[in-house]
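Source file: work_27.cif; contents: mmCIF, C-alpha atoms.
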```cif
data_start
loop_
_atom_site.label_atom_id
_atom_site.label_comp_id
_atom_site.auth_asym_id
_atom_site.auth_seq_id
_atom_site.Cartn_x
_atom_site.Cartn_y
_atom_site.Cartn_z
CA MET A 1 27.09 -5.24 5.28
CA LEU A 2 27.61 -1.99 3.38
CA ILE A 3 26.07 1.28 4.62
CA HIS A 4 25.84 4.41 2.47
CA GLU A 5 24.02 7.67 3.09
CA TYR A 6 22.86 9.56 0.01
CA ARG A 7 21.86 13.22 0.17
CA VAL A 8 19.77 14.31 -2.79
CA ILE A 9 19.38 18.09 -3.00
CA LEU A 10 16.35 19.41 -4.90
CA PRO A 11 14.84 22.81 -5.84
CA VAL A 12 11.44 22.07 -4.26
CA THR A 13 9.88 22.20 -0.81
CA VAL A 14 9.38 19.17 1.44
CA GLU A 15 5.62 19.57 0.97
CA GLU A 16 5.94 19.59 -2.82
CA TYR A 17 8.26 16.60 -2.81
CA GLN A 18 5.67 14.34 -1.21
CA ILE A 19 3.42 14.74 -4.24
CA ALA A 20 6.29 14.85 -6.71
CA SER A 21 7.91 11.62 -5.54
CA LEU A 22 4.68 9.60 -5.49
CA TYR A 23 3.77 10.83 -8.96
CA THR A 24 7.24 10.12 -10.36
CA ILE A 25 7.41 6.61 -8.88
CA ALA A 26 4.04 5.70 -10.41
CA HIS A 27 5.05 7.30 -13.72
CA MET A 28 8.33 5.35 -13.86
CA SER A 29 6.65 2.09 -12.84
CA ARG A 30 4.68 2.35 -16.08
CA GLU A 31 7.88 2.78 -18.07
CA GLU A 32 9.60 -0.16 -16.36
CA THR A 33 6.83 -2.76 -16.80
CA GLY A 34 6.14 -5.01 -19.78
CA GLY A 35 6.80 -8.43 -21.23
CA SER A 36 6.33 -10.36 -17.95
CA GLU A 37 8.77 -8.12 -16.08
CA GLY A 38 8.24 -5.08 -13.93
CA VAL A 39 6.17 -3.90 -10.98
CA GLU A 40 3.16 -5.54 -9.35
CA VAL A 41 1.39 -3.46 -6.70
CA VAL A 42 -0.08 -5.92 -4.19
CA LYS A 43 -1.14 -3.46 -1.47
CA ASN A 44 -1.35 0.31 -1.15
CA GLU A 45 -3.27 1.30 1.95
CA PRO A 46 -3.11 3.46 5.10
CA PHE A 47 -1.32 2.09 8.17
CA SER A 48 -1.31 3.09 11.84
CA ASP A 49 0.30 1.96 15.10
CA TYR A 50 3.56 0.98 13.38
CA PRO A 51 6.27 2.91 15.27
CA LEU A 52 9.10 4.34 13.18
CA MET A 53 12.14 6.43 14.17
CA ASP A 54 11.82 5.45 17.84
CA GLY A 55 8.09 6.13 17.81
CA LYS A 56 8.25 9.65 16.39
CA TYR A 57 6.15 8.50 13.42
CA SER A 58 3.55 5.73 13.51
CA SER A 59 1.03 6.21 10.68
CA GLY A 60 0.97 6.83 6.95
CA GLN A 61 0.70 4.80 3.74
CA TYR A 62 1.85 1.19 3.48
CA SER A 63 2.69 -0.42 0.13
CA PHE A 64 3.74 -3.93 -0.82
CA LYS A 65 5.15 -4.45 -4.30
CA LYS A 66 6.64 -7.36 -6.19
CA TYR A 67 9.35 -6.73 -8.76
CA HIS A 68 9.34 -9.43 -11.44
CA LEU A 69 12.87 -9.49 -12.82
CA ASP A 70 15.16 -11.31 -15.19
CA LYS A 71 16.85 -9.08 -17.74
CA LYS A 72 16.56 -6.23 -15.23
CA MET A 73 18.79 -8.05 -12.73
CA PRO A 74 22.57 -7.53 -12.54
CA THR A 75 24.30 -10.12 -14.70
CA ILE A 76 26.04 -11.74 -11.75
CA LEU A 77 22.75 -12.26 -9.90
CA ARG A 78 20.94 -13.49 -13.01
CA LEU A 79 23.60 -16.17 -13.52
CA ILE A 80 23.55 -17.53 -9.97
CA SER A 81 19.79 -17.36 -9.39
CA PRO A 82 17.74 -20.45 -10.31
CA LYS A 83 14.67 -20.20 -12.49
CA GLY A 84 11.65 -18.80 -10.66
CA SER A 85 13.72 -17.01 -8.00
CA LYS A 86 14.13 -13.63 -9.68
CA GLU A 87 11.46 -11.78 -7.73
CA LEU A 88 12.03 -9.04 -5.17
CA HIS A 89 9.51 -8.01 -2.53
CA GLU A 90 9.34 -4.40 -1.37
CA GLU A 91 7.53 -3.20 1.72
CA CYS A 92 7.34 0.52 2.37
CA TRP A 93 6.00 2.44 5.36
CA ASN A 94 5.64 6.02 4.19
CA ALA A 95 5.09 8.24 7.24
CA TYR A 96 6.16 11.32 5.34
CA PRO A 97 8.54 13.09 5.85
CA TYR A 98 10.02 9.84 7.20
CA CYS A 99 9.94 6.58 5.22
CA LYS A 100 11.21 3.04 5.70
CA THR A 101 11.59 0.59 2.83
CA VAL A 102 12.69 -3.06 3.02
CA ILE A 103 13.52 -5.16 -0.07
CA THR A 104 13.96 -8.93 0.18
CA ASN A 105 14.16 -12.04 -2.01
CA PRO A 106 12.15 -14.63 -0.05
CA GLY A 107 12.00 -17.10 -2.92
CA PHE A 108 15.77 -17.68 -3.07
CA MET A 109 18.05 -15.69 -0.75
CA LYS A 110 15.62 -15.58 2.19
CA ASP A 111 17.42 -14.15 5.29
CA ASP A 112 20.70 -13.83 3.39
CA PHE A 113 19.54 -10.76 1.46
CA ARG A 114 18.03 -7.57 2.83
CA LEU A 115 18.19 -4.04 1.47
CA GLU A 116 16.85 -1.45 3.90
CA ILE A 117 16.33 2.24 3.13
CA ILE A 118 15.34 4.87 5.67
CA THR A 119 14.63 8.37 4.41
CA MET A 120 14.11 11.78 5.97
CA HIS A 121 13.09 14.86 3.96
CA THR A 122 14.15 18.24 5.31
CA ASN A 123 14.19 21.86 4.13
CA ASP A 124 17.98 22.36 3.96
CA ARG A 125 20.97 22.08 1.63
CA GLY A 126 22.26 18.68 2.73
CA LYS A 127 24.46 19.90 5.59
CA GLU A 128 22.72 18.08 8.46
CA GLU A 129 25.18 15.50 9.79
CA ASN A 130 22.61 13.26 11.47
CA ALA A 131 19.23 13.98 9.93
CA LEU A 132 18.23 10.33 10.36
CA GLN A 133 19.14 10.24 14.08
CA LEU A 134 21.59 7.38 13.65
CA SER A 135 23.53 5.74 16.44
CA GLN A 136 27.22 6.48 16.88
CA GLU A 137 27.97 2.96 15.67
CA VAL A 138 26.11 3.47 12.38
CA LEU A 139 27.55 6.96 11.95
CA GLY A 140 31.00 5.39 12.15
CA GLN A 141 30.18 2.85 9.42
CA ARG A 142 28.31 4.96 6.88
CA GLU A 143 29.86 6.62 3.85
CA VAL A 144 28.18 9.86 2.69
CA PHE A 145 27.50 10.76 -0.97
CA VAL A 146 25.90 14.05 -2.06
CA ILE A 147 23.90 13.77 -5.28
CA ASP A 148 23.70 16.80 -7.58
CA ILE A 149 20.94 15.96 -10.08
CA ALA A 150 22.16 18.54 -12.60
CA ASN A 151 25.95 18.20 -12.52
CA ASP A 152 26.64 14.59 -11.56
CA PRO A 153 27.52 12.41 -14.57
CA VAL A 154 24.93 9.94 -15.88
CA ALA A 155 25.42 6.96 -18.15
CA SER A 156 24.63 7.49 -21.83
CA ASN A 157 21.68 5.06 -21.69
CA ASP A 158 20.24 7.01 -18.73
CA TYR A 159 20.45 10.38 -20.47
CA SER A 160 17.60 12.17 -22.18
CA ARG A 161 17.30 15.83 -23.08
CA ASN A 162 13.74 15.68 -21.74
CA THR A 163 15.04 14.86 -18.27
CA ASP A 164 18.12 17.08 -18.18
CA PRO A 165 17.81 19.61 -15.30
CA LYS A 166 20.42 21.83 -16.98
CA LEU A 167 17.99 22.35 -19.87
CA TYR A 168 14.55 22.26 -18.23
CA ARG A 169 12.51 25.27 -17.13
CA SER A 170 9.14 24.84 -15.49
CA ALA A 171 6.41 26.91 -17.13
CA LYS A 172 4.28 26.78 -13.97
CA THR A 173 6.96 27.74 -11.43
CA ASN A 174 9.70 29.32 -13.56
CA ARG A 175 12.26 27.10 -11.82
CA GLY A 176 15.28 25.90 -13.73
CA PRO A 177 17.39 25.36 -15.61
CA LEU A 178 19.80 24.17 -12.88
CA GLN A 179 23.29 25.31 -13.71
CA GLY A 180 26.58 26.07 -11.99
CA ASP A 181 26.44 26.26 -8.20
CA TRP A 182 22.64 26.01 -8.07
CA VAL A 183 22.83 23.77 -4.97
CA ASP A 184 24.19 26.70 -2.94
CA THR A 185 21.92 29.41 -4.32
CA VAL A 186 18.53 28.07 -5.42
CA THR A 187 15.30 28.58 -3.48
CA PRO A 188 13.24 26.73 -2.51
CA VAL A 189 15.57 23.90 -1.57
CA MET A 190 15.33 20.60 0.29
CA THR A 191 17.27 17.39 0.83
CA CYS A 192 16.31 13.72 0.82
CA TYR A 193 18.59 11.96 3.31
CA LYS A 194 18.65 8.25 2.48
CA LEU A 195 20.49 5.63 4.51
CA VAL A 196 20.87 2.44 2.46
CA THR A 197 22.02 -0.72 4.22
CA VAL A 198 22.78 -3.73 2.01
CA HIS A 199 23.19 -7.21 3.48
CA PHE A 200 24.05 -10.00 1.00
CA ARG A 201 25.48 -13.15 2.56
CA TRP A 202 27.11 -15.35 -0.07
CA PHE A 203 30.68 -16.49 0.41
CA GLY A 204 32.97 -15.06 -2.24
CA LEU A 205 30.35 -12.70 -3.65
CA GLN A 206 29.25 -10.59 -0.70
CA ASN A 207 31.49 -7.56 -1.19
CA LYS A 208 31.07 -7.47 -4.97
CA VAL A 209 27.28 -7.72 -4.91
CA GLU A 210 26.86 -5.23 -2.08
CA LYS A 211 28.91 -2.68 -4.05
CA ILE A 212 26.86 -3.36 -7.20
CA LEU A 213 23.61 -2.81 -5.30
CA GLN A 214 24.85 0.41 -3.67
CA ASN A 215 26.04 1.73 -7.03
CA PHE A 216 22.61 0.99 -8.45
CA GLN A 217 20.90 2.85 -5.61
CA ARG A 218 23.02 5.93 -6.33
CA ARG A 219 22.23 5.65 -10.03
CA LEU A 220 18.53 5.19 -9.26
CA TYR A 221 18.29 8.25 -6.99
CA THR A 222 20.05 10.35 -9.61
CA VAL A 223 17.85 9.23 -12.51
CA VAL A 224 14.56 9.34 -10.58
CA ASN A 225 15.11 12.81 -9.20
CA ARG A 226 16.29 14.23 -12.53
CA LYS A 227 13.01 12.99 -13.96
CA LEU A 228 11.06 14.28 -10.93
CA PHE A 229 12.35 17.80 -11.48
CA CYS A 230 11.66 17.70 -15.21
CA LEU A 231 8.10 16.42 -14.62
CA MET A 232 7.33 19.42 -12.41
CA ASP A 233 4.63 20.86 -14.66
CA GLU A 234 2.79 17.52 -14.53
CA TRP A 235 2.74 17.05 -10.74
CA TYR A 236 2.69 20.68 -9.59
CA ASN A 237 -0.66 21.58 -7.94
CA LEU A 238 -1.82 17.96 -7.77
CA THR A 239 -3.39 16.91 -4.46
CA LEU A 240 -2.83 13.72 -2.48
CA GLU A 241 -6.30 12.64 -3.60
CA ASP A 242 -5.20 13.10 -7.23
CA ILE A 243 -2.13 10.97 -6.51
CA ARG A 244 -4.10 8.12 -4.97
CA LYS A 245 -6.34 8.05 -8.04
CA PHE A 246 -3.30 8.00 -10.32
CA GLU A 247 -1.79 5.16 -8.28
CA GLU A 248 -4.95 3.08 -8.66
CA GLU A 249 -4.97 3.70 -12.40
CA THR A 250 -1.29 2.75 -12.52
CA LYS A 251 -1.91 -0.49 -10.62
CA ALA A 252 -4.45 -1.60 -13.24
CA PHE A 253 -2.13 -0.52 -16.07
CA LEU A 254 0.79 -2.50 -14.62
CA ASN A 255 -1.30 -5.65 -14.25
CA GLN A 256 -2.16 -5.46 -17.93
CA GLN A 257 1.34 -4.58 -19.14
CA ARG A 258 3.07 -7.49 -17.39
CA THR A 259 1.06 -9.94 -19.51
CA CYS A 260 1.94 -8.45 -22.90
CA GLY A 261 4.46 -6.53 -24.92
CA VAL A 262 8.22 -6.53 -24.46
CA VAL A 263 10.61 -5.78 -21.61
CA THR A 264 10.95 -2.02 -21.27
CA GLY A 265 12.99 0.46 -19.27
CA THR A 266 16.19 -0.39 -17.43
CA VAL A 267 17.77 -3.67 -18.52
CA ASP A 268 20.80 -5.19 -16.72
CA PHE A 269 21.63 -2.29 -14.39
CA THR A 270 25.31 -3.23 -14.14
#
```
Whole structure, structure tokens version:
Amino acid sequence: MLIHEYRVILPVTVEEYQIASLYTIAHMSREETGGSEGVEVVKNEPFSDYPLMDGKYSSGQYSFKKYHLDKKMPTILRLISPKGSKELHEECWNAYPYCKTVITNPGFMKDDFRLEIITMHTNDRGKEENALQLSQEVLGQREVFVIDIANDPVASNDYSRNTDPKLYRSAKTNRGPLQGDWVDTVTPVMTCYKLVTVHFRWFGLQNKVEKILQNFQRRLYTVVNRKLFCLMDEWYNLTLEDIRKFEEETKAFLNQQRTCGVVTGTVDFT
């Protein structure tokens, strides 16, 4: 089991990020779906009486998604997985500012694979040492990584000038571009604290695959939040009602796209 904590610092408020993240996830789902692969939204509905963070949060929005994968899987997993097993299930309990996400592979790995993500969003610069209220045991196992969306390197196939925070300025808010020591000086500012726990039980492959999956999570949080910042003029001033409508439209779009076209977006994330 490999435990990493990622701290993503952003030039937005916690309140703004709720809208921004939901919009960006739906937007990217459209880009990542086509040719029988991609995202299927099975459920997206309110939940209540589901205690999270020792009962501090218990209601919010529940989603259940299926990720239909093949070329989008790491090469090592694609080679060892039998036909028909390349599907991940994601359950998310979004009790913003706290969220819990669980990803499994019930068709093949069953109890031998589980990726769990717990997230807390706070108005700070990533200096809180236990924002997720972890036990001393978990604190002793985790490794912390701070993600700078502007200055951290990105792979060439992840780079686009349209999603480069060092080049983007928002017309609506006048925020950006993000340059130099922006993390220490920009306002507003917030941090997404994400604890990612990967459990992959397969003799001889466990350590390698767990590292691959953690590396992908870091890459994902970097790419998604670079795009989130550079989409600011699209999501800024949207309401939660606007977002729910966009999510419903996206669900219908994804259902159509999975039956036609070609595989799009991220392919073989190793």
* May I have the residues within 10 Å of stretch 90-99 of chain A as a ChimeraX atom specification, using all atoms listed in the file and disregarding those fewer than 3 positions away in the same chain? => /A:14-15,17-18,41-48,50-53,56-67,87,102-105,115-122,132,192-194
* To do: Please measure the separation of atom CA of A:Asn151 and atom CA of A:Asp124, giving the value in Å to one decimal.
  =>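 Computing the Euclidean distance for atom CA of A:Asn151 and atom CA of A:Asp124 yields 18.8 Å.
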* Which residue of A:Arg258, A:Thr197, A:Glu5, A:Gly180 approaches A:Leu69 most closely, using only C-alpha atoms ->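 Nearest candidate to A:Leu69 out of A:Arg258, A:Thr197, A:Glu5, A:Gly180: A:Arg258.
Minimum atom-to-atom distance to A:Phe203, evaluated using all atoms listed in the file, belongs to A:Asp112 out of A:Ser135, A:His89, A:Ile147, A:Asp112.
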* Can you tell me, as a ChimeraX atom specification, which residues sit within 10 Å of (2.7, 11.9, -8.9) in the file's frame, using only C-alpha atoms? -> /A:17-28,228,231-232,234-236,238-240,242-247
* Asked: Evaluating the PyMOL selection byres ((chain A and resi 125-130) around 9) on the displayed file yields which residues, as number ranges by chain?
  -> A: 7-10, 122-124, 131-134, 139, 146, 183-184, 189-193
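From atom CA of A:Lys227 back to atom CA of A:Asp164, the distance works out to 7.8 Å.
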* In Å to one decimal, how far is atom CA of A:Leu2 from atom CA of A:Asn207? ->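 Atom CA of A:Leu2 lies 8.2 Å from atom CA of A:Asn207.
Residues with any atom within 10 Å of the point (16.3, 25.8, -14.6), counting all atoms listed in the file, are Pro11, Ala150, Asp164, Pro165, Lys166, Leu167, Tyr168, Arg169, Ser170, Asn174, Arg175, Gly176, Pro177, Leu178, Gln179, Trp182, Val186, Phe229 and Cys230 of chain A.
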* With all atoms listed in the file as the basis for distance, which of A:Leu88, A:Val138, A:Val223, A:Val196 is at the shortest distance from A:Pro153? ->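 Among A:Leu88, A:Val138, A:Val223, A:Val196, it is A:Val223 that comes nearest to A:Pro153.
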